[in-house]
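A quick write-up on the structure given underneath.
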Amino acid sequence: MRIRGAGRTSGGAAARGATTGRARDVSSARARARAKARAAAVAAAGGTVLAVLLAGCGSDDGGQQGSGSTKAEKDSGASPKAELAKNPTEIPRVGDRLQVKIPDNSTQVVAVEGRGKDSADARVRLYTRHGKAWHEEHSWQAHNGKKGWTSDHHQGDKRSPVGVFSLSDAGGVLPEPDARLPYAHTSAFTPPSYWPKKTRHDFDHVIAIDYNRVKGTSPLDPTRPQGQAKGGSIWLHMDHGSGTSGCVSLSKAGMETLLRTLDPKKHPMVVMGDKASLNS
């Protein structure tokens, strides 16, 4: 498990003298020691970790396709890129209610647009801000909760929470692909063997959405500041072709791109919801 970039260097950063190098070595060694201790704690948790996975994302019943989109939904208005060209200072298709919740110091936003309130189909777009202007960098097909979206998420409702959340921590079964976010690499992310075969790689890479969780901890941390009833373990993770239990899933290539791109120094955020909720 690697915590807070242990063993990684920031992109393009060069060593600044022997003193700085030694300080980094000491800091890195301490970080690795903390990571090993945390990995041991996660492994020891056993049943707790499994319970978190079952209560959080993934699919314990094979999932189901969302309700799909109507022609009206597909043809609703201009494309995000066209909207961005007209107004580059705001994230496309996000109304004032959620737009104002994006911190001024955030220059990276993952926008998740669900096709409908009761649909499991979505589109994920990555935006970066240069100066005052936002730019769309990538776009991927995705899935959200199998029953759609809600502004009042609760444990087991199979809906994804609508809102604006920070992105602070990552992890997965596979080693990090040059991730910038703190990354917890551990087999504890492995889904239960009795889950459908198509879900076996759901948690190869995950990014924790900071909904009802403690920032700066592994995505597997079971702490729920708002209580268990409000759910948790809402992640960005790899897609298995249908709706989730509340997470947002996208392709492996998409997850690897996000992990390589999202930078804590740029205060990455996710704004997520169905079309109507985003625009309200």
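Naming works like this for the structure tokens: A, B, ... for the chains as they're shown, residue 1 at the start of each chain, ligands 1 onward in shown order.
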Find the spatial neighbours of Ser277 in chain A, counting only C-alpha atoms, within a cut-off of 12 Å - ignore same-chain residues fewer than 6 positions away - and output them as a ChimeraX atom specification. /A:93-99,112-118,148-151,160-164,271
Hey, which of A:Ala120, A:Ala111, A:Ile102, A:Leu181 ends up closest to Glu137 in chain A? Count only C-alpha atoms.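 Under the stated criterion, the closest residue is A:Ala111.
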Residues within 8 Å of range 201-212 of chain A, please, as a PyMOL selection string. Count only C-alpha atoms; anything in the same chain fewer than 2 positions from it doesn't count. chain A and resi 58+165-174+176+189-191+198-199+214-215+219+224-227+230-240+252+255-256+259+270
With C-alpha atoms kept, could you save the residues just selected as a PDB file, in the first residue's frame?
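Listed below is the output, again-v1.pdb:
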ATOM      1  CA  GLY A  58     -19.648  -3.476  -7.036  1.00  0.00           C
ATOM      2  CA  PHE A 165     -17.267  15.918  -3.820  1.00  0.00           C
ATOM      3  CA  SER A 166     -13.487  16.009  -3.556  1.00  0.00           C
ATOM      4  CA  LEU A 167     -11.239  13.200  -4.813  1.00  0.00           C
ATOM      5  CA  SER A 168      -8.455  12.530  -2.310  1.00  0.00           C
ATOM      6  CA  ASP A 169      -7.460   8.844  -2.249  1.00  0.00           C
ATOM      7  CA  ALA A 170      -7.157   5.844  -4.531  1.00  0.00           C
ATOM      8  CA  GLY A 171      -6.231   2.179  -4.455  1.00  0.00           C
ATOM      9  CA  GLY A 172      -6.836  -1.203  -5.978  1.00  0.00           C
ATOM     10  CA  VAL A 173      -5.859  -4.805  -6.517  1.00  0.00           C
ATOM     11  CA  LEU A 174      -3.346  -3.786  -9.199  1.00  0.00           C
ATOM     12  CA  GLU A 176      -0.643   2.047  -9.229  1.00  0.00           C
ATOM     13  CA  PHE A 189      -9.897  -4.870  -2.756  1.00  0.00           C
ATOM     14  CA  THR A 190     -10.577  -8.254  -4.412  1.00  0.00           C
ATOM     15  CA  PRO A 191     -14.358  -8.819  -4.775  1.00  0.00           C
ATOM     16  CA  LYS A 198     -17.839 -10.129 -14.792  1.00  0.00           C
ATOM     17  CA  THR A 199     -17.232  -8.132 -11.584  1.00  0.00           C
ATOM     18  CA  VAL A 214     -12.547  10.414   5.999  1.00  0.00           C
ATOM     19  CA  LYS A 215     -10.101  12.034   3.583  1.00  0.00           C
ATOM     20  CA  PRO A 219     -10.823   3.795   0.181  1.00  0.00           C
ATOM     21  CA  ARG A 224     -18.720   6.858   8.109  1.00  0.00           C
ATOM     22  CA  PRO A 225     -18.828  10.384   9.626  1.00  0.00           C
ATOM     23  CA  GLN A 226     -22.548  10.784   8.803  1.00  0.00           C
ATOM     24  CA  GLY A 227     -23.413   7.297  10.083  1.00  0.00           C
ATOM     25  CA  LYS A 230     -26.013   7.261   4.795  1.00  0.00           C
ATOM     26  CA  GLY A 231     -23.944   4.644   2.990  1.00  0.00           C
ATOM     27  CA  GLY A 232     -20.360   4.926   1.823  1.00  0.00           C
ATOM     28  CA  SER A 233     -17.631   3.339  -0.300  1.00  0.00           C
ATOM     29  CA  ILE A 234     -18.771   5.407  -3.272  1.00  0.00           C
ATOM     30  CA  TRP A 235     -15.953   5.072  -5.788  1.00  0.00           C
ATOM     31  CA  LEU A 236     -14.909   5.609  -9.345  1.00  0.00           C
ATOM     32  CA  HIS A 237     -13.906   2.116 -10.468  1.00  0.00           C
ATOM     33  CA  MET A 238     -13.652  -0.175 -13.451  1.00  0.00           C
ATOM     34  CA  ASP A 239     -16.760  -1.035 -15.426  1.00  0.00           C
ATOM     35  CA  HIS A 240     -18.402  -4.463 -15.793  1.00  0.00           C
ATOM     36  CA  LYS A 252      -9.732   0.530 -17.455  1.00  0.00           C
ATOM     37  CA  MET A 255      -9.393   4.827 -14.784  1.00  0.00           C
ATOM     38  CA  GLU A 256      -5.692   4.731 -15.624  1.00  0.00           C
ATOM     39  CA  LEU A 259      -5.089   8.097 -11.869  1.00  0.00           C
ATOM     40  CA  VAL A 270     -16.221  15.349  -9.018  1.00  0.00           C
TER      41      VAL A 270
END
Rank nothing, just name the residue among A:Pro92, A:Pro222, A:Pro182, A:Pro192 nearest to Glu136 in chain A, using only C-alpha atoms. A:Pro92
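Residue-level DSSP output for range 67-275 of chain A, from the backbone, shows alpha helix (DSSP H) at Lys71, Ala72, Glu73, Lys74, Pro80, Lys81, Ala82, Glu83, Leu84, Ala85, Lys86, Asp96, Arg97, Leu98, Gln99, Lys252, Ala253, Gly254, Met255, Glu256, Thr257, Leu258, Leu259, Arg260, Thr261 and Lys275 of chain A.
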Same residues, N, CA, C and O atoms, saved as a short mmCIF file (atom, residue, chain, number, x, y, z; two decimals), in the first residue's frame:
data_model
loop_
_atom_site.label_atom_id
_atom_site.label_comp_id
_atom_site.auth_asym_id
_atom_site.auth_seq_id
_atom_site.Cartn_x
_atom_site.Cartn_y
_atom_site.Cartn_z
N LYS A 71 -34.99 9.22 -26.86
CA LYS A 71 -34.47 10.05 -27.94
C LYS A 71 -34.37 11.50 -27.47
O LYS A 71 -33.44 12.22 -27.81
N ALA A 72 -35.34 11.90 -26.65
CA ALA A 72 -35.32 13.27 -26.15
C ALA A 72 -34.07 13.53 -25.31
O ALA A 72 -33.47 14.61 -25.38
N GLU A 73 -33.68 12.53 -24.49
CA GLU A 73 -32.49 12.70 -23.67
C GLU A 73 -31.25 12.81 -24.54
O GLU A 73 -30.37 13.63 -24.28
N LYS A 74 -31.17 11.98 -25.58
CA LYS A 74 -30.00 11.98 -26.45
C LYS A 74 -29.90 13.29 -27.23
O LYS A 74 -28.80 13.76 -27.53
N PRO A 80 -21.68 19.27 -24.88
CA PRO A 80 -20.88 19.96 -23.86
C PRO A 80 -19.75 20.81 -24.46
O PRO A 80 -19.47 21.90 -23.96
N LYS A 81 -19.10 20.32 -25.50
CA LYS A 81 -18.02 21.09 -26.12
C LYS A 81 -18.54 22.38 -26.72
O LYS A 81 -17.89 23.44 -26.63
N ALA A 82 -19.74 22.31 -27.33
CA ALA A 82 -20.34 23.52 -27.90
C ALA A 82 -20.70 24.50 -26.79
O ALA A 82 -20.50 25.72 -26.92
N GLU A 83 -21.23 23.98 -25.69
CA GLU A 83 -21.58 24.84 -24.56
C GLU A 83 -20.32 25.47 -23.96
O GLU A 83 -20.33 26.64 -23.55
N LEU A 84 -19.25 24.68 -23.91
CA LEU A 84 -18.00 25.18 -23.34
C LEU A 84 -17.41 26.29 -24.20
O LEU A 84 -16.83 27.25 -23.68
N ALA A 85 -17.59 26.16 -25.52
CA ALA A 85 -17.08 27.20 -26.42
C ALA A 85 -17.78 28.53 -26.19
O ALA A 85 -17.18 29.59 -26.30
N LYS A 86 -19.07 28.45 -25.82
CA LYS A 86 -19.83 29.67 -25.57
C LYS A 86 -19.54 30.26 -24.19
O LYS A 86 -19.54 31.47 -24.01
N ASP A 96 -26.12 26.55 -11.56
CA ASP A 96 -25.50 27.39 -10.53
C ASP A 96 -25.46 26.71 -9.16
O ASP A 96 -24.51 26.89 -8.39
N ARG A 97 -26.48 25.91 -8.84
CA ARG A 97 -26.57 25.29 -7.51
C ARG A 97 -25.34 24.44 -7.21
O ARG A 97 -24.82 24.46 -6.08
N LEU A 98 -24.87 23.68 -8.19
CA LEU A 98 -23.70 22.84 -8.00
C LEU A 98 -22.42 23.53 -8.46
O LEU A 98 -21.34 23.27 -7.91
N GLN A 99 -22.53 24.41 -9.44
CA GLN A 99 -21.35 25.09 -9.96
C GLN A 99 -20.64 25.88 -8.85
O GLN A 99 -19.41 25.89 -8.76
N LYS A 252 -11.06 0.59 -18.06
CA LYS A 252 -9.73 0.53 -17.46
C LYS A 252 -8.87 1.67 -17.96
O LYS A 252 -8.16 2.32 -17.18
N ALA A 253 -8.95 1.93 -19.27
CA ALA A 253 -8.16 3.03 -19.85
C ALA A 253 -8.56 4.36 -19.21
O ALA A 253 -7.70 5.20 -18.94
N GLY A 254 -9.86 4.53 -18.98
CA GLY A 254 -10.33 5.75 -18.34
C GLY A 254 -9.82 5.88 -16.92
O GLY A 254 -9.36 6.96 -16.51
N MET A 255 -9.87 4.79 -16.16
CA MET A 255 -9.39 4.83 -14.78
C MET A 255 -7.89 5.12 -14.73
O MET A 255 -7.43 5.90 -13.89
N GLU A 256 -7.14 4.50 -15.62
CA GLU A 256 -5.69 4.73 -15.62
C GLU A 256 -5.37 6.18 -15.98
O GLU A 256 -4.47 6.80 -15.40
N THR A 257 -6.14 6.74 -16.91
CA THR A 257 -5.94 8.14 -17.28
C THR A 257 -6.23 9.06 -16.10
O THR A 257 -5.47 9.99 -15.81
N LEU A 258 -7.33 8.79 -15.39
CA LEU A 258 -7.67 9.61 -14.23
C LEU A 258 -6.58 9.50 -13.15
O LEU A 258 -6.19 10.51 -12.55
N LEU A 259 -6.10 8.29 -12.90
CA LEU A 259 -5.09 8.10 -11.87
C LEU A 259 -3.79 8.81 -12.22
O LEU A 259 -3.09 9.35 -11.34
N ARG A 260 -3.45 8.82 -13.49
CA ARG A 260 -2.22 9.49 -13.90
C ARG A 260 -2.37 11.01 -13.93
O ARG A 260 -1.38 11.74 -13.87
N THR A 261 -3.61 11.47 -14.03
CA THR A 261 -3.87 12.90 -14.25
C THR A 261 -4.27 13.65 -12.98
O THR A 261 -3.79 14.77 -12.73
N LYS A 275 -28.99 14.36 -15.55
CA LYS A 275 -29.04 15.63 -16.28
C LYS A 275 -29.89 16.67 -15.57
O LYS A 275 -29.48 17.82 -15.41
#
From the list A:Ala122, A:His143, A:Arg159, A:Thr107, which residue is nearest Ser242 in chain A when using only C-alpha atoms?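 Comparing A:Ala122, A:His143, A:Arg159, A:Thr107 against Ser242 in chain A, the winner is A:His143.
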Suppose you want the space between CA of Asp157 in chain A and CA of Gly243 in chain A; what is it in Å?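 CA of Gly243 in chain A lies 12.6 Å from CA of Asp157 in chain A.
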Tell me, as a PyMOL selection string, which residues lie within 6 Å of Arg125 in chain A, counting only C-alpha atoms; anything in the same chain fewer than 2 positions away does not count. chain A and resi 110-111+138-139
How far is it from CA of Thr128 in chain A to CA of Ser280 in chain A, in Å with one decimal? 22.9 Å
Return as a PDB file with C-alpha atoms, in the first residue's frame the full set of residues in range 109-240 of chain A whose backbone-based DSSP assignment is strand (DSSP E or B).
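In the end it all went to result27.pdb:
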ATOM      1  CA  VAL A 109     -13.114  18.381 -12.385  1.00  0.00           C
ATOM      2  CA  VAL A 110     -14.555  14.982 -13.240  1.00  0.00           C
ATOM      3  CA  ALA A 111     -18.108  15.568 -14.449  1.00  0.00           C
ATOM      4  CA  VAL A 112     -20.461  12.568 -14.327  1.00  0.00           C
ATOM      5  CA  GLU A 113     -23.673  13.121 -16.276  1.00  0.00           C
ATOM      6  CA  GLY A 114     -26.336  10.439 -15.869  1.00  0.00           C
ATOM      7  CA  ASP A 121     -26.110   4.908 -18.028  1.00  0.00           C
ATOM      8  CA  ALA A 122     -23.774   7.879 -17.796  1.00  0.00           C
ATOM      9  CA  ARG A 123     -20.949   9.821 -19.404  1.00  0.00           C
ATOM     10  CA  VAL A 124     -17.772  10.851 -17.578  1.00  0.00           C
ATOM     11  CA  ARG A 125     -15.802  13.894 -18.756  1.00  0.00           C
ATOM     12  CA  LEU A 126     -12.517  15.232 -17.419  1.00  0.00           C
ATOM     13  CA  TYR A 127     -12.077  19.004 -17.392  1.00  0.00           C
ATOM     14  CA  THR A 128      -8.988  21.036 -16.559  1.00  0.00           C
ATOM     15  CA  ARG A 129      -8.898  24.779 -15.989  1.00  0.00           C
ATOM     16  CA  HIS A 130      -6.227  27.047 -17.410  1.00  0.00           C
ATOM     17  CA  ALA A 133     -11.218  28.746 -18.936  1.00  0.00           C
ATOM     18  CA  TRP A 134     -12.200  25.084 -18.608  1.00  0.00           C
ATOM     19  CA  HIS A 135     -11.128  22.578 -21.259  1.00  0.00           C
ATOM     20  CA  GLU A 136     -12.541  19.107 -21.896  1.00  0.00           C
ATOM     21  CA  GLU A 137      -9.625  16.663 -21.918  1.00  0.00           C
ATOM     22  CA  HIS A 138     -11.317  13.240 -22.093  1.00  0.00           C
ATOM     23  CA  SER A 139     -14.740  11.623 -22.270  1.00  0.00           C
ATOM     24  CA  TRP A 140     -15.825   8.050 -21.496  1.00  0.00           C
ATOM     25  CA  GLN A 141     -19.022   6.015 -21.395  1.00  0.00           C
ATOM     26  CA  ALA A 142     -19.857   4.984 -17.858  1.00  0.00           C
ATOM     27  CA  HIS A 143     -22.404   3.512 -15.452  1.00  0.00           C
ATOM     28  CA  GLY A 145     -26.120   3.139  -9.565  1.00  0.00           C
ATOM     29  CA  TRP A 149     -29.563   8.867  -8.812  1.00  0.00           C
ATOM     30  CA  THR A 150     -30.653  10.445  -5.540  1.00  0.00           C
ATOM     31  CA  SER A 160     -25.584   7.202  -6.800  1.00  0.00           C
ATOM     32  CA  PRO A 161     -25.459  10.386  -4.714  1.00  0.00           C
ATOM     33  CA  GLY A 163     -23.482  16.420  -5.549  1.00  0.00           C
ATOM     34  CA  VAL A 164     -19.975  17.871  -5.629  1.00  0.00           C
ATOM     35  CA  PHE A 165     -17.267  15.918  -3.820  1.00  0.00           C
ATOM     36  CA  SER A 166     -13.487  16.009  -3.556  1.00  0.00           C
ATOM     37  CA  LEU A 167     -11.239  13.200  -4.813  1.00  0.00           C
ATOM     38  CA  SER A 168      -8.455  12.530  -2.310  1.00  0.00           C
ATOM     39  CA  ASP A 169      -7.460   8.844  -2.249  1.00  0.00           C
ATOM     40  CA  ALA A 170      -7.157   5.844  -4.531  1.00  0.00           C
ATOM     41  CA  GLY A 171      -6.231   2.179  -4.455  1.00  0.00           C
ATOM     42  CA  GLY A 172      -6.836  -1.203  -5.978  1.00  0.00           C
ATOM     43  CA  TYR A 183      -2.742   4.888  -3.677  1.00  0.00           C
ATOM     44  CA  ALA A 184      -3.422   1.871  -1.440  1.00  0.00           C
ATOM     45  CA  HIS A 185      -2.254  -1.251  -3.268  1.00  0.00           C
ATOM     46  CA  VAL A 206     -10.541   2.692  -7.628  1.00  0.00           C
ATOM     47  CA  ILE A 207     -10.693   6.371  -6.711  1.00  0.00           C
ATOM     48  CA  ALA A 208     -12.643   7.164  -3.572  1.00  0.00           C
ATOM     49  CA  ILE A 209     -15.331   9.824  -3.906  1.00  0.00           C
ATOM     50  CA  TRP A 235     -15.953   5.072  -5.788  1.00  0.00           C
ATOM     51  CA  LEU A 236     -14.909   5.609  -9.345  1.00  0.00           C
ATOM     52  CA  HIS A 237     -13.906   2.116 -10.468  1.00  0.00           C
ATOM     53  CA  MET A 238     -13.652  -0.175 -13.451  1.00  0.00           C
TER      54      MET A 238
END
For CA of Met269 in chain A and CA of Asp104 in chain A, quote the distance in Å rounded to one decimal.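 Taking CA of Met269 in chain A and CA of Asp104 in chain A, their separation equals 11.0 Å.
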